[in-house]
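Here's the structure we're looking at; comments come further down.
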Amino acid sequence: MQVFVNFIMDGLNLGSVYALVALGYTMVYGIAKMLNFAHGDVIMVGGYTIYIVFLQKDMGIAAAVIASVLICSVLGFVIEKLAYRPLRNATPLSVLITAIGVSYLLQNIALLTFTSELKLISSFIKLPTFNVGPVRIEGISVLIWITTLVIMVSLNNFIQKTKTGKAMLAVSEDRGAAQLMGIDVNKTISITFLIGSALAGLASALYIAKYQKIEPYTGSVFGIKAFAAAVFGGIGSIPGAALGGILIGLIEALAIGYLPDSIRPASDGVAFAILIIMLVLKPSGMLGKTKIEKV
Amino acid sequence: MVMLKTVDLGISFGGLNAVNSFNIEVEEGQLYGLIGPNGAGKTTVFNLLTGVYKPTTGRFSLAGEDLTGKSPTEICNHGIARTFQNIRLFKNMSVIDNVKVALHTRMKYPLASSFFRFPNYFSTEKRMNDEALRLLEVFDLDKHKDYNAASLPYGKQRKLEIARAMATNPKLLLLDEPAAGMNPNETAELMETIRFVRGEFNMTILLIEHDMRLVAGICEKLTVLNFGTELASGETTEVLKDPQVITAYLGE
């Protein structure tokens with residue numbers, strides 16, 4: 001029983017970080033209707049920012065987190081402006097390929113700058129571990145859970161309750177009509193990327209606090225799973241992304257825990273297998289909106 | 001005062017002259033009709049006037065200010081609002097949110113306020129709410145303010161589109177076939193609404209319509225388009241008697 005509870009704890013930890021990253025994917029997809037495959041790599045850049053500011057320059061945790069959020073926001077903004085905006089009226093496929101290109105570009109820049117060597121950042125954000133009955137809970141996990149929850153609620157709130165949020169919803173539904181109501185579509189999409197990338201910066205701080213390492217491919221591997229989480233929960237839906245993240249995390253932790261040794265290395269595949277089954281049963285994801293086609 | 005003036009406005013797609021040398025002068029407060037057979041280029045004129053298409057020839061101005069070549073967003077902010085032939089409400093948003101979205105550029109607070117909820121967030125949101133409610137009351141839609149826009153009956157969706165357009169605080173309102181798909185009762189109610197909007201807001205209105213009863217009933221002046229060129233123009237009663245118009249449009 002205790003082993004099971006610890007697996008669940010692991011799953012929740014992993015899942016909350018997935019959830020945070022999935023929020024970034026789902027937000028950009030929901031508003032701009034494009035898959036920003038470079039989102040994971042923006043997180044990787046955030047990780048290296050922390051590596052430089054915290055470890056090399058020794059400027060402290062707060063400075064590192066703020067630097068990471070700032071650099072990621074600016075990077076997201078610039079990527080959107082240079083790579084995606086010129087393709088605003090292009091087919092979704094061209095935008096998708098461009099996003100994959102940007103992802104590889106960032107990875108290769110990181111490879112050139114930092115080499116492929118794994119960088120350890122072991123002393124970043126230390127919190128005590130405590131026991132609740134037989135269950136060990138790491139302080140950092142609690143921090144991740146709270147951050148993810150707060151961000152999910154405030155993001156939802158922002159989109160539903162503020163005028164910028166409503167402009168985003170309008171752009172997402174009908175770009176042309178939104179424009180004719182005086183909404184600046186480019187500016188609205190820029191703000192979306194700015195917020196999504198700021199979340200990436202925060203996610204990279206939590207990722208490093210939890211896993212204490214960074215390498216050029218961290219973002220893409222992690223990003224793909226978070227993307228799967230967003231699809232699982234229903235891409236475009238904010239609570240869906242959080243739910244999907246947690247579930248993918250749990251599935252992965254339980255697969256690692258209970259699969260026989262011989263096939264344990266394939267544990268990554270379990271989450272994707274379940275994703276496929278899920279999509280066959282409910283193609284719009286768990287909390288996604290089902291479209292009814294009128295004939 | 002001349003509210004809308006176009007000079008030789010035209011656009012061609014490839015070799016096709018969709019609209020050719022279109023000239024119109026709409027006085028402030030006038031109800032002006034634009035009619036013509038299907039494919040005559042009426043909606044294209046609206047798309048030119050709202051910046052969706054950039055004209056290949058000519059210019060147009062609103063209250064003396066040249067708006068040729070401006071983007072749809074800028075043109076909306078200068079005071080031209082429109083509705084659409086096939087309703088384009090934000091269907092997944094509530095009725096009141098549809099109106100609030102259109103208040104977007106009139107009432108502002110900085111982005112930081114939306115995150116940190118500075119006092120100006122609450123005051124501006126409240127002003128937007130009040131203004132949106134006031135508009136909905138004018139159009140008798142306030143009872144339905146929390147409904148999903150898509151769940152309104154057809155006639156009310158048309159009304160909401162007009163309310164949303166009015167929320168952008170326009171000087172000129174373009175209505176693209178407002179009576180399309182309406183039954184006679186709804187059309188009669190719509191005529192009342194259009195008259196009311198003109199009276200209440202002293203609005204200048206340019207409308208495209210196929211329903212001749214509506215056109216004859218409310219428009220003071222008409223321009224008839226056929227194959228992208230102007231066929232006739234003038235007082236409604238005169239134009240509708242013009243033999244050329246009758247042949248091209250109304251049938252022998």
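Here's how to read the names in the structure tokens: chain A, B, ... by the order shown, residue numbers from 1 in each chain, ligand numbers from 1 in the order shown.
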
Q: Can you check which residues of chain A have any atom within 8 Å of chain B? Use only C-alpha atoms and format it as a ChimeraX atom specification.
A: /A:158,162-164,166-167,170,173-174,177,179-184

Write a file of the just-selected residues containing N, CA and C atoms, as an mmCIF file, in the first residue's frame.
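Result written to part.cif:
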```
data_model
loop_
_atom_site.group_PDB
_atom_site.id
_atom_site.type_symbol
_atom_site.label_atom_id
_atom_site.label_comp_id
_atom_site.auth_asym_id
_atom_site.auth_seq_id
_atom_site.Cartn_x
_atom_site.Cartn_y
_atom_site.Cartn_z
ATOM 1 N N PHE A 158 -8.340 35.063 -16.012
ATOM 2 C CA PHE A 158 -7.881 36.112 -16.920
ATOM 3 C C PHE A 158 -8.660 36.052 -18.229
ATOM 4 N N THR A 162 -11.359 39.289 -18.056
ATOM 5 C CA THR A 162 -10.749 40.563 -18.430
ATOM 6 C C THR A 162 -11.002 40.838 -19.904
ATOM 7 N N LYS A 163 -10.859 42.105 -20.275
ATOM 8 C CA LYS A 163 -11.192 42.433 -21.658
ATOM 9 C C LYS A 163 -10.152 41.890 -22.629
ATOM 10 N N THR A 164 -8.890 41.820 -22.194
ATOM 11 C CA THR A 164 -7.899 41.202 -23.064
ATOM 12 C C THR A 164 -8.230 39.730 -23.276
ATOM 13 N N LYS A 166 -11.187 38.383 -23.166
ATOM 14 C CA LYS A 166 -12.338 38.264 -24.071
ATOM 15 C C LYS A 166 -11.925 38.520 -25.516
ATOM 16 N N ALA A 167 -10.992 39.471 -25.694
ATOM 17 C CA ALA A 167 -10.489 39.705 -27.047
ATOM 18 C C ALA A 167 -9.834 38.431 -27.569
ATOM 19 N N ALA A 170 -12.471 36.073 -28.649
ATOM 20 C CA ALA A 170 -13.067 36.532 -29.904
ATOM 21 C C ALA A 170 -12.151 36.186 -31.080
ATOM 22 N N GLU A 173 -12.363 32.563 -31.920
ATOM 23 C CA GLU A 173 -13.582 32.100 -32.595
ATOM 24 C C GLU A 173 -13.688 32.556 -34.026
ATOM 25 N N ASP A 174 -13.406 33.833 -34.261
ATOM 26 C CA ASP A 174 -13.583 34.366 -35.604
ATOM 27 C C ASP A 174 -12.664 35.572 -35.767
ATOM 28 N N ALA A 177 -14.091 38.592 -37.862
ATOM 29 C CA ALA A 177 -15.113 39.382 -37.183
ATOM 30 C C ALA A 177 -14.487 40.165 -36.028
ATOM 31 N N GLN A 179 -11.518 41.378 -35.845
ATOM 32 C CA GLN A 179 -10.812 42.501 -36.440
ATOM 33 C C GLN A 179 -11.784 43.633 -36.763
ATOM 34 N N LEU A 180 -12.948 43.257 -37.281
ATOM 35 C CA LEU A 180 -13.936 44.267 -37.667
ATOM 36 C C LEU A 180 -14.635 44.864 -36.452
ATOM 37 N N MET A 181 -14.418 44.296 -35.273
ATOM 38 C CA MET A 181 -14.925 44.903 -34.041
ATOM 39 C C MET A 181 -13.835 45.747 -33.389
ATOM 40 N N GLY A 182 -12.754 45.981 -34.115
ATOM 41 C CA GLY A 182 -11.712 46.862 -33.614
ATOM 42 C C GLY A 182 -10.626 46.171 -32.820
ATOM 43 N N ILE A 183 -10.623 44.840 -32.821
ATOM 44 C CA ILE A 183 -9.587 44.143 -32.052
ATOM 45 C C ILE A 183 -8.354 43.942 -32.923
ATOM 46 N N ASP A 184 -7.198 44.306 -32.382
ATOM 47 C CA ASP A 184 -5.945 44.128 -33.098
ATOM 48 C C ASP A 184 -5.497 42.678 -32.927
#
```

**Q.** Contacts of Leu207 of chain B within 9 Å, only C-alpha atoms, excl. fewer than 6 positions in-chain, as a PyMOL selection string
**A.** chain B and resi 31-35+173-178+215+219

Selected residues written out with C-alpha atoms, as a JSON list (two decimals), in the first residue's frame:
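Contents of the output file out.json:
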```json
[["chain", "number", "residue", "atom", "x", "y", "z"],
["B", 31, "LEU", "CA", -30.67, 55.64, -44.50],
["B", 32, "TYR", "CA", -29.12, 54.57, -47.76],
["B", 33, "GLY", "CA", -29.80, 51.33, -49.61],
["B", 34, "LEU", "CA", -27.47, 49.37, -51.85],
["B", 35, "ILE", "CA", -29.30, 46.86, -54.02],
["B", 173, "LEU", "CA", -23.29, 51.46, -39.76],
["B", 174, "LEU", "CA", -23.15, 48.96, -42.62],
["B", 175, "LEU", "CA", -25.87, 46.30, -42.58],
["B", 176, "ASP", "CA", -25.34, 43.38, -44.94],
["B", 177, "GLU", "CA", -28.71, 41.83, -45.79],
["B", 178, "PRO", "CA", -30.16, 42.23, -42.32],
["B", 215, "VAL", "CA", -35.90, 48.81, -48.97],
["B", 219, "CYS", "CA", -34.40, 53.74, -47.43]]
```

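A straight line drawn from atom CA of Ile162 of chain B to atom CA of Thr193 of chain B is 9.3 Å long.
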
Q) What is the distance, in Å and to one decimal place, between atom CA of Leu93 of chain A and atom CA of Leu75 of chain A? A) 22.5 Å

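Going from atom CA of Asp10 of chain A to atom CA of Ala203 of chain A covers 17.3 Å.
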
Q) Hey, which of A:Ser190, A:Gln212, A:Ser220, A:Asn156 ends up closest to Ile100 of chain A? Count only C-alpha atoms. A) A:Ser220

**Q.** Residues flagged alpha helix (DSSP H) by DSSP in segment 68-242 of chain A, as a ChimeraX atom specification
**A.** /A:68-79,92-114,139-161,163-173,175-180,185-211,218-233,238-242

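Restricting the calculation to only C-alpha atoms, the smallest distance between Ala179 of chain B and any of B:Asp140, B:Glu161, B:Glu27, B:Asp211 is found for B:Asp211.
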
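The environment of segment 222-226 of chain B within 9 Å, counting only C-alpha atoms and disregarding residues fewer than 4 places along the same chain, consists of Val19, Phe22, Ile24, Leu31, Tyr32, Gly33, Leu34, Ile35, Gly36, Pro37, Asn38, Gly39, Ala40, Gly41, Lys42, Val215, Glu230, Leu231, Ala232, Ser233, Gly234, Glu235, Thr236, Thr237, Val239, Leu240, Val245, Ala248 and Tyr249 of chain B.
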
Q | Contacts of Met34 of chain A at 8 Å (only C-alpha atoms; same-chain gap of 3+ positions) as a PyMOL selection string | A | chain A and resi 28-30+92+95-96

Can I get the selected residues back with C-alpha atoms, as a PDB file, in the first residue's frame?
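As written to disk, selection_6.pdb reads:
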```pdb
ATOM      1  CA  VAL A  28      -1.477  29.185 -27.613  1.00  0.00           C
ATOM      2  CA  TYR A  29      -3.437  26.516 -29.462  1.00  0.00           C
ATOM      3  CA  GLY A  30      -6.741  27.719 -28.070  1.00  0.00           C
ATOM      4  CA  PRO A  92      -1.763  25.374 -40.689  1.00  0.00           C
ATOM      5  CA  VAL A  95       2.989  26.997 -39.480  1.00  0.00           C
ATOM      6  CA  LEU A  96       3.426  23.541 -37.943  1.00  0.00           C
TER       7      LEU A  96
END
```

Q. Which residues come within 9 Å of segment 224-237 of chain A, counting only C-alpha atoms, excluding same-chain residues fewer than 4 positions away, as a ChimeraX atom specification?
A. /A:15,17-23,25-31,33,35,37,40,219-220,241-249,268,271-272,275-276,278-279,283-289

Okay, now the selection with N, CA and C atoms, as a CSV table (one decimal), in the first residue's frame?
```csv
chain,number,residue,atom,x,y,z
A,15,GLY,N,3.2,14.9,-12.9
A,15,GLY,CA,2.0,15.4,-13.6
A,15,GLY,C,1.8,16.9,-13.5
A,17,VAL,N,4.1,19.2,-13.3
A,17,VAL,CA,5.0,19.9,-14.2
A,17,VAL,C,4.5,19.7,-15.6
A,18,TYR,N,4.1,18.5,-16.0
A,18,TYR,CA,3.4,18.4,-17.3
A,18,TYR,C,2.3,19.3,-17.5
A,19,ALA,N,1.5,19.4,-16.4
A,19,ALA,CA,0.3,20.3,-16.5
A,19,ALA,C,0.7,21.7,-16.7
A,20,LEU,N,1.7,22.2,-16.1
A,20,LEU,CA,2.2,23.6,-16.2
A,20,LEU,C,2.6,23.8,-17.7
A,21,VAL,N,3.3,22.9,-18.2
A,21,VAL,CA,3.8,23.0,-19.6
A,21,VAL,C,2.6,22.9,-20.6
A,22,ALA,N,1.7,22.0,-20.3
A,22,ALA,CA,0.6,21.8,-21.1
A,22,ALA,C,-0.3,23.0,-21.2
A,23,LEU,N,-0.4,23.8,-20.1
A,23,LEU,CA,-1.1,25.0,-20.1
A,23,LEU,C,-0.6,26.0,-21.2
A,25,TYR,N,1.0,25.1,-24.0
A,25,TYR,CA,0.5,24.6,-25.3
A,25,TYR,C,-0.9,24.9,-25.6
A,26,THR,N,-1.7,24.6,-24.6
A,26,THR,CA,-3.2,24.7,-24.8
A,26,THR,C,-3.6,26.1,-25.0
A,27,MET,N,-3.0,27.0,-24.3
A,27,MET,CA,-3.3,28.4,-24.4
A,27,MET,C,-3.1,29.0,-25.8
A,28,VAL,N,-1.8,28.7,-26.3
A,28,VAL,CA,-1.5,29.2,-27.6
A,28,VAL,C,-2.3,28.5,-28.7
A,29,TYR,N,-2.6,27.2,-28.5
A,29,TYR,CA,-3.4,26.5,-29.5
A,29,TYR,C,-4.9,27.1,-29.4
A,30,GLY,N,-5.4,27.3,-28.2
A,30,GLY,CA,-6.7,27.7,-28.1
A,30,GLY,C,-7.0,29.1,-28.7
A,31,ILE,N,-6.0,30.0,-28.6
A,31,ILE,CA,-6.2,31.3,-29.1
A,31,ILE,C,-5.7,31.5,-30.6
A,33,LYS,N,-4.7,29.1,-32.6
A,33,LYS,CA,-5.0,27.9,-33.4
A,33,LYS,C,-3.8,27.3,-34.1
A,35,LEU,N,0.0,24.9,-33.2
A,35,LEU,CA,0.8,24.1,-32.3
A,35,LEU,C,2.2,24.7,-32.2
A,37,PHE,N,5.3,24.1,-31.3
A,37,PHE,CA,6.2,23.0,-30.9
A,37,PHE,C,7.5,23.5,-30.2
A,40,GLY,N,8.4,23.7,-25.7
A,40,GLY,CA,9.3,22.9,-24.8
A,40,GLY,C,10.7,23.5,-24.9
A,219,GLY,N,13.8,20.1,-23.2
A,219,GLY,CA,12.6,20.7,-23.6
A,219,GLY,C,11.8,19.9,-24.5
A,220,SER,N,12.4,19.3,-25.6
A,220,SER,CA,11.6,18.7,-26.6
A,220,SER,C,11.0,17.4,-26.1
A,241,ALA,N,-6.0,20.9,-19.8
A,241,ALA,CA,-4.5,20.7,-19.8
A,241,ALA,C,-4.0,20.3,-18.5
A,242,ALA,N,-4.6,20.9,-17.4
A,242,ALA,CA,-4.1,20.5,-16.0
A,242,ALA,C,-4.5,19.1,-15.7
A,243,LEU,N,-5.7,18.7,-16.0
A,243,LEU,CA,-6.1,17.4,-15.8
A,243,LEU,C,-5.3,16.4,-16.6
A,244,GLY,N,-5.1,16.7,-17.9
A,244,GLY,CA,-4.4,15.8,-18.8
A,244,GLY,C,-2.9,15.6,-18.2
A,245,GLY,N,-2.3,16.7,-17.8
A,245,GLY,CA,-1.0,16.7,-17.3
A,245,GLY,C,-0.9,15.7,-16.1
A,246,ILE,N,-1.8,15.9,-15.1
A,246,ILE,CA,-1.8,15.1,-13.9
A,246,ILE,C,-2.0,13.6,-14.3
A,247,LEU,N,-2.9,13.3,-15.2
A,247,LEU,CA,-3.2,11.9,-15.6
A,247,LEU,C,-2.0,11.3,-16.3
A,248,ILE,N,-1.4,12.0,-17.2
A,248,ILE,CA,-0.2,11.5,-17.9
A,248,ILE,C,0.9,11.2,-16.9
A,249,GLY,N,1.1,12.1,-16.0
A,249,GLY,CA,2.1,11.9,-14.9
A,249,GLY,C,1.8,10.7,-14.1
A,268,ASP,N,7.4,4.8,-21.1
A,268,ASP,CA,7.0,6.1,-21.8
A,268,ASP,C,5.8,5.8,-22.7
A,271,ALA,N,1.8,5.8,-21.6
A,271,ALA,CA,1.0,7.0,-21.6
A,271,ALA,C,0.5,7.3,-23.0
A,272,PHE,N,1.4,7.0,-24.0
A,272,PHE,CA,0.9,7.3,-25.4
A,272,PHE,C,-0.1,6.3,-25.8
A,275,LEU,N,-3.2,7.4,-24.5
A,275,LEU,CA,-3.7,8.6,-25.2
A,275,LEU,C,-4.4,8.1,-26.5
A,276,ILE,N,-3.8,7.1,-27.2
A,276,ILE,CA,-4.4,6.7,-28.5
A,276,ILE,C,-5.8,6.1,-28.2
A,278,MET,N,-7.8,6.7,-25.7
A,278,MET,CA,-8.6,7.9,-25.3
A,278,MET,C,-9.1,8.6,-26.6
A,279,LEU,N,-8.2,8.9,-27.5
A,279,LEU,CA,-8.6,9.6,-28.7
A,279,LEU,C,-9.6,8.9,-29.6
A,283,PRO,N,-12.5,11.8,-29.4
A,283,PRO,CA,-11.5,12.5,-30.2
A,283,PRO,C,-11.2,13.9,-29.7
A,284,SER,N,-12.1,14.5,-29.0
A,284,SER,CA,-11.9,15.9,-28.6
A,284,SER,C,-11.1,16.0,-27.3
A,285,GLY,N,-10.8,14.9,-26.7
A,285,GLY,CA,-10.1,14.9,-25.4
A,285,GLY,C,-11.1,14.9,-24.3
A,286,MET,N,-10.6,14.8,-23.0
A,286,MET,CA,-11.5,14.6,-21.9
A,286,MET,C,-12.4,15.8,-21.7
A,287,LEU,N,-11.9,17.0,-21.7
A,287,LEU,CA,-12.7,18.2,-21.5
A,287,LEU,C,-12.9,19.1,-22.8
A,288,GLY,N,-12.5,18.5,-23.9
A,288,GLY,CA,-12.6,19.3,-25.1
A,288,GLY,C,-14.0,19.4,-25.6
A,289,LYS,N,-14.3,20.4,-26.4
A,289,LYS,CA,-15.6,20.6,-26.9
A,289,LYS,C,-15.9,19.7,-28.1
```

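If only C-alpha atoms are the atoms counted, then among A:Ser267, A:Asn89, A:Ser262, A:Thr192 the closest residue to Ser73 of chain A is A:Thr192.
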
Q) segment 7-9 of chain A: which residues within 10 Å, counting only C-alpha atoms, same-chain residues fewer than 5 positions away excluded, as a ChimeraX atom specification? A) /A:1-2,14-15,135-138,141,249-258

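The set of residues in segment 99-242 of chain B assigned to strand (DSSP E or B) by DSSP, using only backbone atoms of this structure, is Asn148, Leu172, Leu173, Leu174, Leu175, Asp176, Thr204, Ile205, Leu206, Leu207, Ile208, Lys221, Leu222, Thr223, Val224, Leu225, Asn226, Thr229, Glu230, Leu231, Ala232, Ser233, Gly234 and Glu235 of chain B.
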